[in-house]
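Okay, entry-v1.txt now, which holds compact mmCIF, C-alpha atoms:
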# COMPACT_ATOMS: atom_id res chain seq x y z
CA ALA A 1 -22.02 13.21 7.33
CA PHE A 2 -20.88 13.30 3.72
CA ARG A 3 -23.61 13.59 1.12
CA PHE A 4 -22.41 12.21 -2.19
CA ALA A 5 -24.51 11.74 -5.28
CA VAL A 6 -23.55 8.13 -5.95
CA ARG A 7 -23.39 6.80 -9.49
CA LEU A 8 -22.74 3.09 -9.95
CA LEU A 9 -21.41 1.85 -13.29
CA LEU A 10 -21.77 -1.94 -13.44
CA VAL A 11 -19.54 -3.77 -15.92
CA PRO A 12 -21.03 -7.32 -15.91
CA GLU A 13 -24.68 -8.06 -16.48
CA PRO A 14 -26.58 -7.86 -13.16
CA GLY A 15 -27.75 -11.43 -13.62
CA GLN A 16 -24.16 -12.67 -13.63
CA LEU A 17 -23.61 -11.57 -10.02
CA THR A 18 -23.87 -14.24 -7.36
CA GLY A 19 -23.37 -14.61 -3.62
CA ALA A 20 -22.34 -11.54 -1.64
CA ALA A 21 -22.03 -9.38 -4.76
CA ALA A 22 -25.63 -10.05 -5.76
CA ALA A 23 -26.87 -9.51 -2.19
CA HIS A 24 -25.13 -6.14 -1.86
CA LEU A 25 -26.40 -5.02 -5.24
CA ALA A 26 -29.94 -5.84 -4.06
CA PHE A 27 -29.38 -3.81 -0.86
CA TYR A 28 -28.07 -0.92 -2.95
CA GLN A 29 -31.12 -0.91 -5.22
CA LYS A 30 -33.60 -1.36 -2.36
CA ALA A 31 -32.08 1.74 -0.75
CA GLY A 32 -33.32 3.72 -3.72
CA TYR A 33 -30.12 4.05 -5.70
CA SER A 34 -29.87 3.40 -9.42
CA LEU A 35 -27.14 1.98 -11.61
CA LEU A 36 -26.00 2.07 -15.20
CA SER A 37 -25.47 -1.40 -16.63
CA LEU A 38 -22.64 -0.98 -19.11
CA SER A 39 -23.36 -4.40 -20.58
CA ASP A 40 -26.48 -2.90 -22.20
CA LEU A 41 -24.32 -0.52 -24.24
CA SER A 42 -21.89 -0.97 -27.06
CA GLU A 43 -18.24 -0.90 -25.99
CA GLU A 44 -17.79 2.56 -27.51
CA ALA A 45 -20.90 3.91 -25.76
CA ALA A 46 -19.83 2.27 -22.48
CA VAL A 47 -16.40 3.93 -22.60
CA GLN A 48 -18.09 7.26 -23.34
CA ALA A 49 -20.42 6.83 -20.35
CA VAL A 50 -17.50 6.04 -18.06
CA GLU A 51 -15.54 9.04 -19.32
CA GLU A 52 -18.46 11.40 -18.67
CA ALA A 53 -18.93 10.02 -15.15
CA ILE A 54 -15.23 10.34 -14.37
CA GLN A 55 -15.03 13.90 -15.62
CA ALA A 56 -17.83 14.91 -13.24
CA ALA A 57 -16.64 12.90 -10.22
CA ASP A 58 -15.01 14.18 -7.05
CA VAL A 59 -14.35 10.63 -5.82
CA ILE A 60 -13.79 7.46 -7.85
CA VAL A 61 -14.06 4.02 -6.27
CA ASP A 62 -12.11 1.45 -8.26
CA ALA A 63 -13.62 -2.03 -7.95
CA LEU A 64 -13.00 -3.22 -11.50
CA LEU A 65 -10.69 -6.17 -10.94
CA GLY A 66 -9.88 -8.24 -7.88
CA ILE A 67 -7.07 -10.43 -6.56
CA GLY A 68 -7.66 -13.06 -9.25
CA MET A 69 -6.35 -10.78 -11.98
CA HIS A 70 -3.22 -11.89 -13.83
CA GLY A 71 -1.62 -10.42 -16.91
CA GLN A 72 -2.21 -7.04 -18.50
CA PRO A 73 -5.70 -5.48 -18.54
CA ARG A 74 -6.99 -5.33 -22.09
CA GLY A 75 -9.86 -3.95 -24.10
CA PHE A 76 -12.58 -2.17 -22.17
CA TYR A 77 -10.85 -2.60 -18.79
CA ALA A 78 -7.65 -1.03 -20.10
CA ASP A 79 -9.62 1.92 -21.49
CA VAL A 80 -11.37 2.50 -18.16
CA ILE A 81 -8.10 2.31 -16.20
CA ARG A 82 -6.55 4.95 -18.45
CA LEU A 83 -9.60 7.17 -17.99
CA ILE A 84 -9.35 6.87 -14.20
CA ASN A 85 -5.66 7.74 -14.25
CA ASN A 86 -6.40 10.81 -16.35
CA ALA A 87 -9.21 12.03 -14.10
CA PRO A 88 -8.73 15.79 -13.70
CA ARG A 89 -9.67 16.27 -10.06
CA ALA A 90 -11.04 13.10 -8.47
CA LEU A 91 -9.70 11.32 -5.40
CA VAL A 92 -9.28 7.64 -6.27
CA PHE A 93 -10.03 4.86 -3.78
CA ALA A 94 -9.20 1.26 -4.73
CA ILE A 95 -10.94 -1.69 -3.11
CA ASP A 96 -8.59 -4.44 -1.90
CA LEU A 97 -5.94 -3.58 -4.50
CA PRO A 98 -5.72 -1.26 -7.51
CA SER A 99 -7.15 -2.79 -10.67
CA GLY A 100 -4.32 -4.08 -12.83
CA VAL A 101 -2.04 -4.92 -9.88
CA ALA A 102 -1.57 -8.61 -9.11
CA ALA A 103 -1.79 -9.55 -5.44
CA ASP A 104 1.54 -11.38 -5.35
CA GLN A 105 3.67 -9.81 -8.08
CA ALA A 106 5.81 -6.68 -8.30
CA ASN A 107 5.65 -5.99 -12.03
CA VAL A 108 2.82 -3.83 -13.37
CA SER A 109 2.07 -3.02 -16.99
CA LEU A 110 -1.11 -0.96 -16.61
CA ALA A 111 -3.00 -0.28 -13.37
CA VAL A 112 -5.09 2.28 -11.52
CA CYS A 113 -2.97 4.81 -9.65
CA ALA A 114 -4.93 5.02 -6.39
CA ASP A 115 -4.68 7.72 -3.77
CA VAL A 116 -5.94 5.31 -1.09
CA THR A 117 -6.30 1.53 -1.18
CA LEU A 118 -8.72 -0.10 1.27
CA THR A 119 -7.25 -3.57 1.58
CA ILE A 120 -9.65 -6.22 2.84
CA GLN A 121 -8.57 -8.06 6.01
CA CYS A 122 -4.91 -8.71 5.11
CA PRO A 123 -2.29 -6.72 3.20
CA LYS A 124 -1.33 -8.16 -0.18
CA PRO A 125 2.34 -9.00 -0.90
CA SER A 126 2.44 -6.60 -3.85
CA ALA A 127 1.72 -3.72 -1.45
CA PHE A 128 5.37 -4.10 -0.35
CA LEU A 129 6.95 -4.80 -3.74
CA TYR A 130 8.01 -2.07 -6.14
CA PRO A 131 6.95 -0.94 -8.67
CA ALA A 132 3.53 -2.34 -7.68
CA ARG A 133 3.65 -0.50 -4.33
CA SER A 134 3.62 2.84 -6.15
CA PHE A 135 0.06 2.21 -7.40
CA TYR A 136 -1.43 1.62 -3.93
CA GLY A 137 -1.13 5.11 -2.51
CA GLU A 138 -1.99 5.16 1.18
CA VAL A 139 -2.94 1.67 2.38
CA GLU A 140 -5.61 1.07 5.02
CA ILE A 141 -6.49 -2.40 6.29
CA VAL A 142 -10.23 -2.99 6.61
CA GLU A 143 -11.18 -5.96 8.77
CA ILE A 144 -14.37 -7.74 7.70
CA GLY A 145 -14.59 -10.33 10.46
CA ILE A 146 -12.55 -13.22 9.04
CA PRO A 147 -11.48 -15.31 12.08
CA PRO A 148 -7.73 -15.53 12.71
CA LYS A 149 -7.95 -19.35 12.62
CA ALA A 150 -9.31 -19.17 9.09
CA ILE A 151 -6.39 -17.01 8.01
CA GLU A 152 -3.90 -19.35 9.67
CA SER A 153 -5.44 -22.35 7.90
CA THR A 154 -4.48 -20.92 4.49
CA GLY A 155 -0.87 -21.91 5.13
CA CYS A 156 0.47 -18.46 4.24
CA ARG A 157 3.96 -18.07 5.65
CA CYS A 158 4.22 -14.34 5.10
CA MET A 159 4.12 -11.97 8.01
CA LEU A 160 4.20 -8.21 8.43
CA TRP A 161 7.06 -7.00 10.59
CA GLY A 162 5.91 -3.86 12.35
CA GLN A 163 6.76 -1.83 15.43
CA ALA A 164 5.12 -4.31 17.80
CA GLU A 165 7.18 -7.21 16.41
CA LEU A 166 10.34 -5.12 16.58
CA ARG A 167 9.76 -4.19 20.22
CA ASN A 168 9.36 -7.86 21.10
CA THR A 169 12.92 -8.55 19.90
CA LEU A 170 14.54 -5.85 22.04
CA SER A 171 15.99 -6.93 25.35
CA HIS A 172 14.97 -5.30 28.60
CA ARG A 173 17.54 -2.82 29.89
CA ALA A 174 17.93 -2.46 33.61
CA PRO A 175 18.08 1.12 34.92
CA ASP A 176 21.48 0.51 36.53
CA SER A 177 23.07 -1.19 33.53
CA HIS A 178 26.05 0.11 31.58
CA LYS A 179 26.35 0.71 27.85
CA GLY A 180 29.06 -1.95 27.74
CA ASP A 181 26.51 -4.56 28.79
CA TYR A 182 24.76 -4.40 25.43
CA GLY A 183 27.45 -5.24 22.93
CA ARG A 184 30.31 -3.38 21.33
CA ALA A 185 30.80 -2.72 17.63
CA VAL A 186 33.40 -1.14 15.35
CA LEU A 187 32.56 0.41 11.99
CA VAL A 188 35.33 1.18 9.51
CA GLY A 189 34.53 3.22 6.41
CA GLY A 190 33.89 6.58 4.83
CA SER A 191 35.65 8.68 2.21
CA ARG A 192 35.83 12.27 1.05
CA GLU A 193 33.60 11.49 -1.94
CA MET A 194 31.00 9.47 0.02
CA PRO A 195 30.91 10.54 3.67
CA GLY A 196 27.23 9.76 4.25
CA ALA A 197 27.28 5.95 4.19
CA ILE A 198 29.38 5.52 7.33
CA THR A 199 27.19 8.02 9.19
CA MET A 200 24.01 6.20 8.18
CA ALA A 201 25.54 2.85 9.18
CA ALA A 202 26.51 4.25 12.58
CA LYS A 203 23.03 5.61 13.23
CA GLY A 204 21.51 2.28 12.20
CA CYS A 205 23.86 0.38 14.51
CA LEU A 206 22.91 2.51 17.50
CA ARG A 207 19.24 2.39 16.58
CA GLY A 208 19.45 -1.38 16.45
CA GLY A 209 20.56 -1.59 20.08
CA CYS A 210 24.35 -1.56 20.09
CA GLY A 211 25.61 -0.47 23.50
CA LEU A 212 29.00 0.96 22.55
CA LEU A 213 29.98 1.92 19.00
CA THR A 214 33.37 3.04 17.70
CA VAL A 215 33.54 4.54 14.21
CA VAL A 216 36.88 4.54 12.41
CA LEU A 217 36.99 7.00 9.50
CA PRO A 218 39.38 9.28 7.61
CA ASP A 219 40.39 12.60 9.14
CA CYS A 220 38.99 14.46 6.12
CA ILE A 221 35.38 13.64 7.09
CA GLN A 222 35.70 13.44 10.86
CA ALA A 223 34.29 16.91 11.44
CA MET A 224 31.37 16.28 9.11
CA ALA A 225 30.51 12.93 10.70
CA GLY A 226 30.96 14.31 14.21
CA ALA A 227 28.44 17.06 13.53
CA GLN A 228 25.80 14.42 12.80
CA LYS A 229 26.54 12.18 15.78
CA ASN A 230 23.40 11.69 17.82
CA GLY A 231 24.38 8.71 19.86
CA GLY A 232 25.58 10.61 22.93
CA PRO A 233 28.02 8.70 25.13
CA ASN A 234 27.35 5.45 23.27
CA ALA A 235 29.27 6.60 20.18
CA SER A 236 32.91 7.55 19.86
Could I get this file's structure written as structure tokens?
Amino acid sequence: AFRFAVRLLLVPEPGQLTGAAAAHLAFYQKAGYSLLSLSDLSEEAAVQAVEEAIQAADVIVDALLGIGMHGQPRGFYADVIRLINNAPRALVFAIDLPSGVAADQANVSLAVCADVTLTIQCPKPSAFLYPARSFYGEVEIVEIGIPPKAIESTGCRCMLWGQAELRNTLSHRAPDSHKGDYGRAVLVGGSREMPGAITMAAKGCLRGGCGLLTVVLPDCIQAMAGAQKNGGPNAS
């Protein structure tokens, strides 16, 4: 088991926490851990306390801002985000999404650059939109027990297209079938200056399920394209 010396820096006053946040803070304190309430300090002293903690940290957990954040972080929050991004050696984990990144927007002005983002229950649209995606680092989905029916009732029409969804679209191929049974395609393209595009298109066509592919290209790049052919008898 990992044994970390945990230091919690709380931005709002403890009395402002309600619901699950207040309950988990009570569990944390009952377990014998302490916290530093930054609201008891001046803004300058609070920034100094955060900087000292970051300089000494091996791991930083970013839980500053949540999915309700819109616009550019300002003031104290902006200062803390810059300190996190300048941490000399710490591994940065973001909870749900990096602070400063909006859940549904691509543009980012200032945000935590996380190494790992632990996204709660469902991936956020901005995790697939650049430049916002660059701030997420590695994304891991953490299920917290929200029933699928509850998610469906939100009316969200977004879906994540993964390997399972892709496999469901591919037709079954009988062992005794012929490549001609699965569609024929012709690609025309390529040039001496840009020989790679036609090769990439051909590979994508075969990968997508085309049974028989013919590539028409200039003689000057035929040898180069032929050396990269990996479609076997399905390509010509």
message: Which residues are near region 184-187 of chain A? Cut-off 7 Å, all atoms listed in the file, ignore same chain within fewer than 2 positions. Put them as a PyMOL selection string.
response: chain A and resi 180+182+189+210-216
field: Residue among A:Glu152, A:Asp62, A:Asp79, A:Asp40 lying closest to Asp115 (chain A), counting all atoms listed in the file
entry: A:Asp62
query: Within 7 Å of (-22.8, -0.6, -9.9), only C-alpha atoms: residues as a PyMOL selection string?
result: chain A and resi 8-10+35-36
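Here CA of Gln29 (chain A) stands at a distance of 13.9 Å from CA of Gly15 (chain A).
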query: CA of Leu38 (chain A) and CA of Leu91 (chain A) are how many Å apart?
result: 22.5 Å
- prompt: Any idea what's packed within 12 Å of Gly68 (chain A), counting all atoms listed in the file, ignoring anything in its chain fewer than 3 positions away? Could you give it as a list of chain:residue names?
  reply: A:Leu64, A:Leu65, A:Gly71, A:Asp96, A:Leu97, A:Ser99, A:Gly100, A:Val101, A:Ala102, A:Ala103, A:Asp104, A:Gln105
message: Could you check the closest approach to Met224 (chain A) for each of A:Ala49, A:Ile67, A:Ile95, A:Met194 and tell me which residue wins, using all atoms listed in the file?
response: A:Met194
Surrounding residues of region 129-133 of chain A excluding itself and chain neighbours under 6 positions, 7 Å, only C-alpha atoms, as a list of chain:residue names: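 With the cut-off at 7 Å, the set is A:Val101, A:Ala106, A:Asn107, A:Val108.
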